[in-house]
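**Student:** Pasting model.cif below, which is mmCIF, C-alpha atoms.
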```
data_my_file
loop_
_atom_site.label_atom_id
_atom_site.label_comp_id
_atom_site.auth_asym_id
_atom_site.auth_seq_id
_atom_site.Cartn_x
_atom_site.Cartn_y
_atom_site.Cartn_z
CA MET G 1 -5.97 21.78 -15.37
CA ALA G 2 -5.95 18.91 -12.86
CA GLU G 3 -3.08 17.75 -10.65
CA VAL G 4 -2.66 14.00 -10.54
CA GLY G 5 0.12 12.19 -8.70
CA GLY G 6 2.19 15.37 -8.62
CA TYR G 7 1.76 16.04 -12.35
CA ARG G 8 -0.37 18.78 -13.86
CA LEU G 9 -2.47 17.13 -16.54
CA ALA G 10 -4.25 19.50 -18.88
CA ALA G 11 -7.14 18.56 -21.12
CA PRO G 12 -6.28 19.10 -24.78
CA GLN G 13 -8.05 21.84 -26.68
CA GLY G 14 -11.57 20.85 -27.68
CA PHE G 15 -11.84 18.01 -25.14
CA THR G 16 -13.91 17.93 -21.97
CA MET G 17 -14.68 15.21 -19.47
CA GLY G 18 -18.31 15.28 -20.53
CA ASP G 19 -17.60 14.34 -24.16
CA ARG G 20 -18.92 11.01 -25.35
CA CYS G 21 -17.41 8.56 -27.82
CA ASN G 22 -18.89 10.18 -30.94
CA HIS G 23 -16.87 13.38 -30.42
CA THR G 24 -14.91 14.28 -33.55
CA HIS G 25 -12.00 16.18 -32.02
CA THR G 26 -8.77 15.44 -33.90
CA ALA G 27 -5.33 15.57 -32.39
CA GLY G 28 -2.21 16.83 -34.07
CA GLY G 29 0.10 14.48 -35.89
CA PRO G 30 -0.46 11.88 -38.58
CA LEU G 31 -3.01 9.12 -38.11
CA MET G 32 -2.38 5.53 -39.10
CA LEU G 33 -4.59 4.32 -41.94
CA ASP G 34 -7.58 2.35 -40.72
CA PRO G 35 -9.35 -0.38 -42.70
CA ALA G 36 -12.42 -0.05 -44.85
CA PRO G 37 -15.74 0.35 -43.00
CA VAL G 38 -16.40 -2.56 -40.67
CA HIS G 39 -19.33 -3.79 -38.63
CA GLY G 40 -20.47 -1.03 -36.27
CA ALA G 41 -17.77 1.51 -37.08
CA PRO G 42 -17.05 3.24 -40.42
CA ALA G 43 -13.42 4.14 -41.02
CA SER G 44 -14.17 7.83 -40.36
CA ASP G 45 -15.53 6.94 -36.93
CA LEU G 46 -12.42 4.89 -36.20
CA ASP G 47 -10.28 7.88 -37.17
CA ALA G 48 -12.24 10.06 -34.76
CA LEU G 49 -12.00 7.45 -32.01
CA ARG G 50 -8.25 7.14 -32.58
CA ALA G 51 -7.72 10.89 -32.47
CA ARG G 52 -9.86 11.25 -29.39
CA THR G 53 -8.05 8.47 -27.54
CA ARG G 54 -4.70 9.94 -28.53
CA ALA G 55 -5.73 13.37 -27.26
CA LEU G 56 -6.83 11.95 -23.94
CA CYS G 57 -3.62 9.95 -23.53
CA ALA G 58 -1.60 13.11 -24.16
CA ARG G 59 -2.80 14.33 -20.77
CA PHE G 60 -0.69 11.62 -19.09
CA PRO G 61 3.01 12.28 -19.78
CA ASP G 62 5.89 9.84 -19.65
CA ALA G 63 6.68 10.96 -16.10
CA TYR G 64 3.25 9.75 -14.96
CA TRP G 65 3.87 6.25 -16.31
CA ARG G 66 7.41 6.18 -14.90
CA GLU G 67 6.08 7.02 -11.46
CA THR G 68 3.32 4.40 -11.50
CA ASP G 69 5.80 1.81 -12.77
CA ARG G 70 8.43 2.66 -10.18
CA ASP G 71 5.95 2.43 -7.31
CA ARG G 72 3.95 -0.43 -8.88
CA ARG G 73 0.93 1.81 -8.38
CA TYR G 74 -2.30 1.21 -10.23
CA PRO G 75 -2.85 4.17 -12.63
CA GLN G 76 -6.20 4.98 -11.07
CA GLU G 77 -6.38 8.50 -12.48
CA PHE G 78 -5.85 7.28 -16.02
CA VAL G 79 -8.46 4.53 -15.72
CA ASP G 80 -10.91 6.94 -14.08
CA THR G 81 -10.50 9.30 -17.02
CA LEU G 82 -11.03 6.58 -19.62
CA THR G 83 -14.08 5.39 -17.74
CA ALA G 84 -15.57 8.86 -17.39
CA VAL G 85 -15.57 9.47 -21.14
CA GLY G 86 -16.90 6.03 -22.03
CA LEU G 87 -13.83 4.56 -23.74
CA LEU G 88 -13.94 1.39 -21.64
CA ALA G 89 -17.59 0.89 -22.60
CA VAL G 90 -17.17 0.95 -26.38
CA LEU G 91 -18.03 -2.76 -26.66
CA ILE G 92 -21.17 -2.55 -24.53
CA PRO G 93 -24.31 -2.32 -26.70
CA ALA G 94 -25.95 1.09 -26.95
CA GLU G 95 -29.13 -0.30 -25.37
CA TYR G 96 -27.17 -0.67 -22.13
CA GLY G 97 -25.55 2.75 -22.40
CA GLY G 98 -22.32 1.72 -24.10
CA GLY G 99 -20.69 2.67 -27.38
CA GLY G 100 -22.21 -0.20 -29.31
CA LEU G 101 -19.02 -0.74 -31.31
CA GLY G 102 -16.99 -3.83 -32.16
CA VAL G 103 -13.62 -5.30 -31.34
CA THR G 104 -12.08 -3.27 -34.18
CA ALA G 105 -12.94 -0.08 -32.31
CA GLY G 106 -11.79 -1.54 -29.00
CA SER G 107 -8.46 -2.45 -30.56
CA VAL G 108 -7.97 1.14 -31.70
CA VAL G 109 -8.34 2.34 -28.10
CA MET G 110 -5.86 -0.24 -26.80
CA GLU G 111 -3.34 0.49 -29.54
CA GLU G 112 -3.41 4.23 -28.96
CA ILE G 113 -2.89 3.85 -25.20
CA ASN G 114 0.30 1.89 -25.77
CA ARG G 115 1.42 4.01 -28.69
CA SER G 116 1.16 7.07 -26.44
CA GLY G 117 3.65 5.51 -24.02
CA GLY G 118 1.00 4.21 -21.63
CA HIS G 119 0.15 0.68 -20.61
CA SER G 120 -3.24 -0.86 -21.43
CA ALA G 121 -2.89 -3.66 -18.90
CA ALA G 122 -4.55 -1.45 -16.31
CA CYS G 123 -7.85 -1.53 -18.16
CA HIS G 124 -7.92 -3.95 -21.10
CA ALA G 125 -9.72 -6.73 -19.24
CA GLN G 126 -12.98 -4.79 -19.07
CA MET G 127 -13.13 -5.11 -22.85
CA TYR G 128 -12.33 -8.77 -23.33
CA THR G 129 -14.14 -10.07 -20.22
CA MET G 130 -17.29 -8.30 -21.35
CA GLY G 131 -17.93 -10.81 -24.12
CA ALA G 132 -18.88 -13.70 -21.84
CA LEU G 133 -21.47 -11.61 -20.04
CA LEU G 134 -22.78 -10.05 -23.25
CA ARG G 135 -23.14 -13.25 -25.23
CA HIS G 136 -23.98 -15.78 -22.53
CA GLY G 137 -25.25 -13.93 -19.47
CA SER G 138 -28.94 -13.96 -18.60
CA ASP G 139 -31.08 -10.92 -19.35
CA ARG G 140 -31.34 -10.38 -15.61
CA LEU G 141 -27.55 -10.21 -15.19
CA LYS G 142 -27.11 -7.96 -18.20
CA ASP G 143 -29.89 -5.61 -17.11
CA ALA G 144 -28.52 -5.48 -13.56
CA TYR G 145 -24.88 -4.84 -14.37
CA LEU G 146 -24.17 -3.65 -17.92
CA PRO G 147 -25.77 -0.18 -17.60
CA ARG G 148 -23.80 0.48 -14.43
CA ILE G 149 -20.57 -0.76 -16.00
CA ALA G 150 -21.19 1.46 -19.03
CA ALA G 151 -21.86 4.44 -16.76
CA GLY G 152 -18.61 3.85 -14.86
CA GLU G 153 -20.36 3.03 -11.60
CA LEU G 154 -19.03 -0.55 -11.57
CA ARG G 155 -15.86 -2.15 -12.88
CA LEU G 156 -15.48 -5.63 -14.30
CA GLN G 157 -11.71 -5.90 -14.59
CA ALA G 158 -10.93 -9.30 -13.03
CA PHE G 159 -10.88 -12.67 -14.78
CA SER G 160 -10.11 -15.42 -12.26
CA ILE G 161 -9.26 -18.49 -14.33
CA THR G 162 -5.62 -19.58 -14.08
CA GLU G 163 -4.29 -21.85 -11.33
CA THR G 164 -0.74 -22.71 -10.32
CA THR G 165 -0.85 -26.43 -11.02
CA ALA G 166 -3.06 -26.30 -14.12
CA GLY G 167 -1.24 -23.50 -15.94
CA SER G 168 -2.35 -23.36 -19.57
CA ASP G 169 -4.41 -26.55 -19.16
CA THR G 170 -7.58 -24.77 -18.02
CA THR G 171 -9.57 -28.01 -17.93
CA ALA G 172 -7.33 -29.20 -15.07
CA ILE G 173 -8.29 -26.47 -12.58
CA ASP G 174 -9.11 -27.58 -9.01
CA THR G 175 -11.22 -24.67 -7.71
CA THR G 176 -14.71 -26.00 -6.99
CA ALA G 177 -18.19 -24.55 -6.77
CA THR G 178 -20.51 -26.72 -4.70
CA ARG G 179 -24.28 -26.27 -4.81
CA ASP G 180 -25.68 -25.17 -1.45
CA GLY G 181 -29.33 -24.12 -1.26
CA ASP G 182 -30.01 -21.20 -3.56
CA GLY G 183 -26.37 -20.68 -4.47
CA TYR G 184 -22.88 -22.09 -4.79
CA VAL G 185 -19.84 -22.10 -2.52
CA LEU G 186 -16.48 -21.33 -4.14
CA THR G 187 -13.37 -22.95 -2.71
CA GLY G 188 -9.90 -22.90 -4.20
CA HIS G 189 -6.80 -20.94 -5.15
CA LYS G 190 -6.16 -18.88 -8.28
CA ASN G 191 -3.09 -17.05 -9.53
CA TRP G 192 -2.69 -14.37 -12.18
CA THR G 193 -6.02 -12.86 -11.18
CA SER G 194 -5.30 -9.26 -12.10
CA ARG G 195 -7.01 -6.05 -10.96
CA ILE G 196 -9.33 -7.81 -8.50
CA ALA G 197 -8.58 -5.19 -5.84
CA GLU G 198 -9.62 -2.49 -8.33
CA SER G 199 -12.78 -4.30 -9.46
CA ASP G 200 -16.36 -4.48 -8.25
CA LEU G 201 -17.08 -7.63 -10.24
CA ALA G 202 -15.08 -10.68 -11.31
CA LEU G 203 -15.62 -13.63 -13.61
CA VAL G 204 -14.56 -16.85 -11.87
CA LEU G 205 -14.27 -20.31 -13.44
CA ALA G 206 -14.79 -23.28 -11.12
CA ARG G 207 -15.45 -27.00 -11.34
CA THR G 208 -19.06 -27.99 -10.68
CA SER G 209 -18.93 -31.62 -11.89
CA GLU G 210 -16.36 -34.38 -12.00
CA LYS G 211 -14.28 -34.79 -15.14
CA GLY G 212 -15.79 -37.03 -17.77
CA ALA G 213 -15.01 -38.21 -21.25
CA ASP G 214 -15.43 -34.64 -22.46
CA ARG G 215 -12.78 -32.82 -20.45
CA THR G 216 -14.21 -29.43 -21.41
CA ARG G 217 -17.44 -30.14 -19.51
CA GLY G 218 -17.94 -29.70 -15.79
CA LEU G 219 -16.63 -26.13 -15.47
CA THR G 220 -18.98 -23.24 -14.71
CA LEU G 221 -18.44 -19.50 -15.11
CA PHE G 222 -19.71 -17.23 -12.33
CA LEU G 223 -20.16 -13.48 -12.13
CA LEU G 224 -18.95 -12.68 -8.63
CA ASP G 225 -20.13 -9.45 -7.01
CA LEU G 226 -17.05 -8.52 -5.02
CA ARG G 227 -18.88 -5.75 -3.20
CA ARG G 228 -21.20 -8.30 -1.62
CA VAL G 229 -18.31 -10.58 -0.67
CA ARG G 230 -16.33 -7.75 0.89
CA ALA G 231 -19.35 -6.63 2.92
CA ASP G 232 -20.74 -10.01 3.98
CA GLN G 233 -17.82 -12.45 3.84
CA PRO G 234 -14.54 -10.54 4.03
CA GLU G 235 -12.77 -13.51 5.63
CA ALA G 236 -13.72 -15.78 2.72
CA LEU G 237 -11.67 -13.89 0.12
CA GLU G 238 -7.92 -13.39 0.47
CA VAL G 239 -6.05 -11.38 -2.15
CA VAL G 240 -2.25 -11.56 -2.14
CA PRO G 241 -0.51 -9.05 -4.46
CA VAL G 242 2.25 -10.42 -6.70
CA ARG G 243 5.08 -8.11 -7.75
CA THR G 244 6.18 -8.63 -11.34
CA MET G 245 8.92 -7.19 -13.54
CA PHE G 246 6.58 -4.43 -14.72
CA ASN G 247 3.56 -2.64 -13.30
CA TYR G 248 0.84 -5.27 -13.49
CA ALA G 249 -1.74 -5.37 -10.71
CA THR G 250 -1.91 -9.14 -10.44
CA ASN G 251 -2.60 -11.38 -7.48
CA GLN G 252 -3.01 -14.78 -5.98
CA VAL G 253 -6.58 -15.24 -4.75
CA PHE G 254 -7.85 -17.70 -2.15
CA TYR G 255 -11.56 -18.50 -2.16
CA ARG G 256 -12.54 -19.95 1.20
CA GLY G 257 -16.23 -20.65 1.00
CA VAL G 258 -17.27 -17.63 -1.03
CA ARG G 259 -21.01 -17.72 -1.68
CA VAL G 260 -22.39 -16.95 -5.15
CA PRO G 261 -26.13 -16.82 -5.94
CA ALA G 262 -27.27 -19.43 -8.44
CA ASP G 263 -28.63 -16.70 -10.71
CA HIS G 264 -25.07 -15.38 -11.10
CA VAL G 265 -24.07 -18.35 -13.22
CA VAL G 266 -23.10 -17.10 -16.69
CA GLY G 267 -24.81 -19.30 -19.27
CA GLU G 268 -25.31 -22.95 -18.45
CA VAL G 269 -23.89 -24.90 -15.54
CA ASP G 270 -20.91 -27.10 -16.60
CA ALA G 271 -20.50 -25.22 -19.91
CA GLY G 272 -18.25 -22.42 -18.67
CA PHE G 273 -15.12 -23.53 -20.47
CA ARG G 274 -16.82 -22.88 -23.80
CA TYR G 275 -17.65 -19.34 -22.69
CA VAL G 276 -14.05 -18.70 -21.68
CA ILE G 277 -12.81 -19.93 -25.04
CA ASP G 278 -15.40 -17.72 -26.71
CA GLY G 279 -13.64 -14.69 -25.26
CA TRP G 280 -10.14 -15.76 -26.20
CA ASN G 281 -10.32 -14.48 -29.77
CA ALA G 282 -11.29 -10.98 -28.64
CA GLU G 283 -8.55 -11.04 -26.02
CA ARG G 284 -5.91 -12.02 -28.54
CA ILE G 285 -7.00 -9.32 -31.01
CA LEU G 286 -7.03 -6.61 -28.35
CA LEU G 287 -3.63 -7.59 -26.98
CA ALA G 288 -2.24 -7.79 -30.51
CA ALA G 289 -3.30 -4.17 -30.91
CA GLU G 290 -1.50 -3.28 -27.69
CA ALA G 291 1.70 -4.91 -28.91
CA ILE G 292 1.35 -3.07 -32.22
CA GLY G 293 0.97 0.19 -30.31
CA ASP G 294 4.19 -0.64 -28.48
CA GLY G 295 5.90 -1.44 -31.75
CA TYR G 296 5.01 1.92 -33.26
CA TRP G 297 6.09 3.65 -30.04
CA PHE G 298 9.52 1.99 -30.12
CA VAL G 299 10.05 2.86 -33.77
CA ASP G 300 8.88 6.46 -33.33
CA ARG G 301 11.11 7.04 -30.31
CA ALA G 302 14.12 5.38 -31.88
CA VAL G 303 13.78 7.32 -35.13
CA ALA G 304 13.50 10.61 -33.24
CA TYR G 305 16.58 9.76 -31.17
CA ALA G 306 18.57 8.60 -34.23
CA ASN G 307 17.81 11.87 -36.01
CA GLN G 308 18.91 14.13 -33.18
CA ARG G 309 21.78 12.15 -31.58
CA GLU G 310 25.10 13.07 -33.21
CA VAL G 311 28.33 11.08 -32.92
CA PHE G 312 31.42 11.60 -35.05
CA GLY G 313 29.88 14.74 -36.45
CA ARG G 314 26.68 13.32 -37.91
CA PRO G 315 23.33 11.87 -36.75
CA ILE G 316 23.60 8.20 -35.84
CA GLY G 317 20.56 7.62 -38.04
CA ALA G 318 22.79 8.11 -41.07
CA ASN G 319 24.46 4.79 -40.30
CA GLN G 320 22.95 1.73 -41.96
CA GLY G 321 23.70 -0.25 -38.82
CA VAL G 322 21.05 1.91 -37.14
CA GLN G 323 18.75 2.30 -40.15
CA PHE G 324 18.32 -1.34 -41.13
CA PRO G 325 17.11 -2.75 -37.78
CA LEU G 326 14.61 0.10 -37.46
CA ALA G 327 13.36 -0.33 -41.03
CA ASP G 328 13.03 -4.07 -40.45
CA ALA G 329 11.16 -3.53 -37.17
CA TYR G 330 8.80 -1.05 -38.79
CA MET G 331 7.98 -3.45 -41.62
CA ARG G 332 7.29 -6.24 -39.14
CA VAL G 333 4.96 -4.03 -37.12
CA ARG G 334 3.09 -2.93 -40.25
CA ALA G 335 2.70 -6.54 -41.39
CA ALA G 336 1.40 -7.65 -37.99
CA ASP G 337 -0.97 -4.69 -38.04
CA LEU G 338 -2.56 -6.02 -41.22
CA MET G 339 -3.28 -9.36 -39.56
CA ARG G 340 -4.77 -7.52 -36.58
CA TRP G 341 -7.21 -5.69 -38.86
CA GLU G 342 -8.15 -8.91 -40.64
CA ALA G 343 -8.80 -10.75 -37.37
CA ALA G 344 -10.86 -7.85 -36.02
CA ARG G 345 -12.84 -7.62 -39.26
CA LEU G 346 -13.74 -11.29 -39.13
CA PHE G 347 -14.62 -11.13 -35.44
CA ASP G 348 -16.95 -8.18 -35.90
CA ALA G 349 -18.60 -9.87 -38.87
CA GLY G 350 -19.34 -12.94 -36.74
CA ALA G 351 -17.08 -15.12 -38.89
CA PRO G 352 -14.65 -17.77 -37.59
CA CYS G 353 -11.38 -16.05 -36.68
CA GLY G 354 -9.50 -18.33 -34.31
CA ALA G 355 -6.54 -18.72 -36.64
CA GLU G 356 -6.37 -15.03 -37.50
CA ALA G 357 -6.71 -13.92 -33.85
CA ASN G 358 -3.92 -16.24 -32.76
CA MET G 359 -1.68 -15.29 -35.66
CA ALA G 360 -2.28 -11.59 -35.00
CA LYS G 361 -1.24 -12.00 -31.38
CA HIS G 362 1.86 -14.00 -32.35
CA LEU G 363 3.00 -11.69 -35.14
CA ALA G 364 2.34 -8.54 -33.11
CA SER G 365 4.26 -9.80 -30.08
CA GLU G 366 7.24 -10.80 -32.22
CA ALA G 367 7.15 -7.46 -34.05
CA SER G 368 6.95 -5.39 -30.87
CA TRP G 369 9.85 -7.34 -29.38
CA ALA G 370 11.96 -6.76 -32.50
CA ALA G 371 11.11 -3.06 -32.32
CA ALA G 372 11.96 -2.98 -28.61
CA ASN G 373 15.40 -4.41 -29.21
CA ALA G 374 16.03 -2.09 -32.16
CA ALA G 375 15.02 0.90 -30.04
CA LEU G 376 17.24 -0.19 -27.16
CA ASP G 377 20.20 -0.69 -29.49
CA THR G 378 19.59 2.71 -31.08
CA HIS G 379 19.61 4.43 -27.69
CA GLY G 380 22.72 2.57 -26.57
CA GLY G 381 23.40 3.10 -22.89
CA ASN G 382 20.60 5.64 -22.65
CA GLY G 383 18.15 2.85 -23.42
CA PHE G 384 18.76 1.52 -19.91
CA VAL G 385 18.06 4.89 -18.28
CA ASP G 386 14.54 5.24 -16.95
CA GLU G 387 13.98 8.82 -18.11
CA TYR G 388 14.09 7.66 -21.74
CA ASP G 389 11.24 5.19 -21.02
CA VAL G 390 12.64 2.55 -23.38
CA GLU G 391 13.56 0.18 -20.56
CA ARG G 392 10.05 0.43 -19.07
CA LYS G 393 8.30 -0.28 -22.35
CA PHE G 394 10.89 -3.00 -23.05
CA ARG G 395 9.79 -4.83 -19.91
CA GLU G 396 6.13 -4.30 -20.64
CA THR G 397 6.13 -5.52 -24.23
CA ARG G 398 7.97 -8.74 -23.39
CA MET G 399 4.77 -10.05 -21.81
CA TYR G 400 2.97 -10.42 -25.14
CA GLN G 401 5.13 -13.37 -26.16
CA VAL G 402 3.93 -15.25 -23.06
CA ALA G 403 0.43 -13.98 -22.30
CA PRO G 404 -2.44 -14.42 -22.79
CA VAL G 405 -1.06 -17.50 -24.54
CA SER G 406 2.54 -18.42 -25.26
CA ASN G 407 3.73 -18.11 -28.82
CA ASN G 408 4.70 -21.77 -28.90
CA MET G 409 1.09 -22.72 -28.17
CA VAL G 410 -0.03 -20.45 -30.99
CA LYS G 411 2.36 -22.28 -33.32
CA SER G 412 0.94 -25.58 -32.12
CA PHE G 413 -2.59 -24.31 -32.78
CA VAL G 414 -1.73 -23.21 -36.31
CA ALA G 415 0.13 -26.45 -37.00
CA THR G 416 -2.75 -28.68 -35.92
CA LYS G 417 -5.91 -26.65 -36.51
CA VAL G 418 -4.88 -24.82 -39.68
CA LEU G 419 -2.30 -27.09 -41.33
CA GLY G 420 -3.84 -30.37 -40.18
CA LEU G 421 -0.74 -31.85 -38.53
CA PRO G 422 -1.10 -34.41 -35.70
CA ARG G 423 -1.69 -33.09 -32.17
CA SER G 424 1.38 -32.94 -29.95
CA TYR G 425 -0.48 -32.85 -26.64
#
```
Represent the structure contained in this file as structure tokens.
**Tutor:**
Amino acid sequence: MAEVGGYRLAAPQGFTMGDRCNHTHTAGGPLMLDPAPVHGAPASDLDALRARTRALCARFPDAYWRETDRDRRYPQEFVDTLTAVGLLAVLIPAEYGGGGLGVTAGSVVMEEINRSGGHSAACHAQMYTMGALLRHGSDRLKDAYLPRIAAGELRLQAFSITETTAGSDTTAIDTTATRDGDGYVLTGHKNWTSRIAESDLALVLARTSEKGADRTRGLTLFLLDLRRVRADQPEALEVVPVRTMFNYATNQVFYRGVRVPADHVVGEVDAGFRYVIDGWNAERILLAAEAIGDGYWFVDRAVAYANQREVFGRPIGANQGVQFPLADAYMRVRAADLMRWEAARLFDAGAPCGAEANMAKHLASEASWAAANAALDTHGGNGFVDEYDVERKFRETRMYQVAPVSNNMVKSFVATKVLGLPRSY
């Protein structure tokens, strides 16, 4: 029994901090059906991973998440626990000490965190940022960092890409990396760089060449060792926290001559934009799973409330005005869930999945938002009271319609890339 943030968090029966990801402990309650066996993870293993994640999340009650949200405090204890048992290393190959599983498995972890009432934003980046280093990093970088990330000694939670003026047009970023001797010098300003204060490493995209006919060229991706910067150049890195409508540890970051060794370039110089895009599909699939977890949470909570809340002498769940929105929300979540599984299956098989990943993110975000509104309506006035947690999750799930890509841009992608309509921008 450990005390964390004023709450006594007990490990569930059969679970210890030393367990690894192949533990087969099962938690109480029904499990959602998982797909047929996929690359790297048979369905039975996914069931075990789901149950294990759910059991771990049960150690962190609603009050814990209310407190961290109220104080905008990073849920360090929760992330430490996930790290200690290897759940944030499921995508790292076994040869580097990780779980050696695919995005399907990673999506199960993210879904269960949100379905438990938690918030995956505190830790999801370590999964989707890992792809650039895994697929495009040099052997030297992977050997130096991946084993330590897998062991929980280092954290790669920060992805420093977006800039105020460029917005969604990543090719228009202004941050530069200028060659200087045996390294580069980073200069510029980023926003929406999340969890950098909680990270040891960050991936940073910067311009290394002038724009040419191919606007995707000229950008380079760097693996920045924040420990070295903090020790040797503390004045060169300024991190300004940004308070948002929900607990999201995001920041503006100013790079003022930050030095990066040349051997910390990920992949080829000037080809970094391609590596960023390469990680977008995994990001969309993982965040779709988070939204789906939210959707199930909203439906579960609303159904429980509708069954026990009595007005006019009967449960409010007997009224079709309550039943129909919840049934509709549930069907939308289930449908989005199917697209998530399809996108993850294709990704893990190495097949093209851009359309499916984008559609999964879009459908999941719309479904979770429908479920959020149905849950709030079901709770009535109590839905606005923090102790019911609906208002917190309501704020959290709204993000998925905007980030990591807005739903309108997904529609534009499907219209042009899938349906073959003319480009609008």
**Student:** Which is closer to Met130 (chain G) than all the others in G:Ala349, G:Glu396, G:Asn191, G:Asp278, using only C-alpha atoms?
**Tutor:**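 Between G:Ala349, G:Glu396, G:Asn191, G:Asp278, the residue approaching Met130 (chain G) most closely is G:Asp278.
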**Student:** Show me, as a PyMOL selection string, the residues that have an atom within 7 Å of Gly97 (chain G) when counting all atoms listed in the file, minus same-chain residues fewer than 5 positions from it.
**Tutor:** chain G and resi 147+150-151
**Student:** Report as an NGL selection string the full result of the PyMOL selection byres ((chain G and resi 372-388) around 10) when it is applied to this structure.
**Tutor:** :G and (62-63 or 66 or 70 or 294-303 or 305-306 or 309 or 316-317 or 321-330 or 366-371 or 389-398)
**Student:** Need to verify the contact set: region 417-419 of chain G, 10 Å, all atoms listed in the file, exclusion of same-chain residues closer than 6 positions in sequence. Can you return it as an NGL selection string?
**Tutor:** :G and (354-355 or 411)
**Student:** For the selection just defined, write its residues with C-alpha atoms to a file, as a PDB file, in the frame of the given file.
**Tutor:**
```
ATOM      1  CA  GLY G 354      -9.500 -18.330 -34.310  1.00  0.00           C
ATOM      2  CA  ALA G 355      -6.540 -18.720 -36.640  1.00  0.00           C
ATOM      3  CA  LYS G 411       2.360 -22.280 -33.320  1.00  0.00           C
TER       4      LYS G 411
END
```
**Student:** Expand the PyMOL selection byres ((chain G and resi 54) around 9) into the individual residues it matches in the shown file, reporting them as a compact mmCIF listing (two decimals) with C-alpha atoms, keeping the file's coordinate frame.
**Tutor:**
```txt
# COMPACT_ATOMS: atom_id res chain seq x y z
CA THR G 26 -8.77 15.44 -33.90
CA ALA G 27 -5.33 15.57 -32.39
CA LEU G 49 -12.00 7.45 -32.01
CA ARG G 50 -8.25 7.14 -32.58
CA ALA G 51 -7.72 10.89 -32.47
CA ARG G 52 -9.86 11.25 -29.39
CA THR G 53 -8.05 8.47 -27.54
CA ALA G 55 -5.73 13.37 -27.26
CA LEU G 56 -6.83 11.95 -23.94
CA CYS G 57 -3.62 9.95 -23.53
CA ALA G 58 -1.60 13.11 -24.16
CA VAL G 109 -8.34 2.34 -28.10
CA GLU G 112 -3.41 4.23 -28.96
CA ILE G 113 -2.89 3.85 -25.20
CA ARG G 115 1.42 4.01 -28.69
CA SER G 116 1.16 7.07 -26.44
```
**Student:** If the PyMOL selection byres ((chain G and resi 185) around 8) is run on the structure shown, which residues does it catch, given as an NGL selection string?
**Tutor:** :G and (176-180 or 183-184 or 186-187 or 257-260)
**Student:** Which residue, G:His124, G:Lys211, G:Arg228, G:Arg59, has the smallest gap to Ile285 (chain G) when you use all atoms listed in the file?
**Tutor:**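 Nearest candidate to Ile285 (chain G) out of G:His124, G:Lys211, G:Arg228, G:Arg59: G:His124.
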**Student:** Find the residues around Arg274 (chain G) up to 12 Å (all atoms listed in the file counted), leave out those fewer than 6 positions away in its own chain, and share them as an MDAnalysis selection string.
**Tutor:** chainID G and resid 132 135:136 170:171 205 214:221 266:268 280
**Student:** Find the distance between CA of Tyr96 (chain G) and CA of Leu223 (chain G) and write it in Å to one decimal.
**Tutor:**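 Going from CA of Tyr96 (chain G) over to CA of Leu223 (chain G) covers 17.7 Å.
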**Student:** Suppose you want the space between CA of Leu154 (chain G) and CA of Cys123 (chain G); what is it in Å?
**Tutor:**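 Pair CA of Leu154 (chain G) / CA of Cys123 (chain G) returns 13.0 Å.
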**Student:** Identify which of the residues G:Asp225, G:Asp232, G:Glu111, G:Asp143 lies closest to Asp337 (chain G), counting only C-alpha atoms when measuring atom-to-atom distances.
**Tutor:**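 Of all the options, G:Glu111 lies closest to Asp337 (chain G).
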**Student:** Choose the residue, out of G:Leu87, G:Ile292, G:Val240, G:Leu146, that has the smallest atom-to-atom separation from Val333 (chain G); count all atoms listed in the file.
**Tutor:**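 For Val333 (chain G), the nearest of the candidates is G:Ile292.
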**Student:** Give me the residues near Asp169 (chain G) as a list in words, where near means some atom within 12 Å (using all atoms listed in the file) and where sequence neighbours in that chain fewer than 2 positions away do not count.
**Tutor:** Ile161, Thr162, Glu163, Thr164, Thr165, Ala166, Gly167, Thr171, Ala172, Ile173, Asp174, Arg215, Thr216, Phe273, Val405, Met409 and Tyr425 of chain G
**Student:** Would you compute the distance between CA of Asn307 (chain G) and CA of Gly118 (chain G)? Give it in Å to one decimal.
**Tutor:** 23.4 Å
**Student:** So that I can see what lies close to Gln126 (chain G), please list as JSON, numbers by chain the residues with an atom at most 9 Å from it, counting only C-alpha atoms and leaving out residues fewer than 3 positions away in the same chain.
**Tutor:** {"G": [88, 89, 123, 129, 130, 155, 156, 157, 158]}
**Student:** Taking (1.6, -30.4, -34.1) as a centre in this file's frame and 8 Å as the limit, can you find every polymer residue with an atom that close, using all atoms listed in the file, and give them as a PyMOL selection string?
**Tutor:** chain G and resi 412-413+415-416+421-424
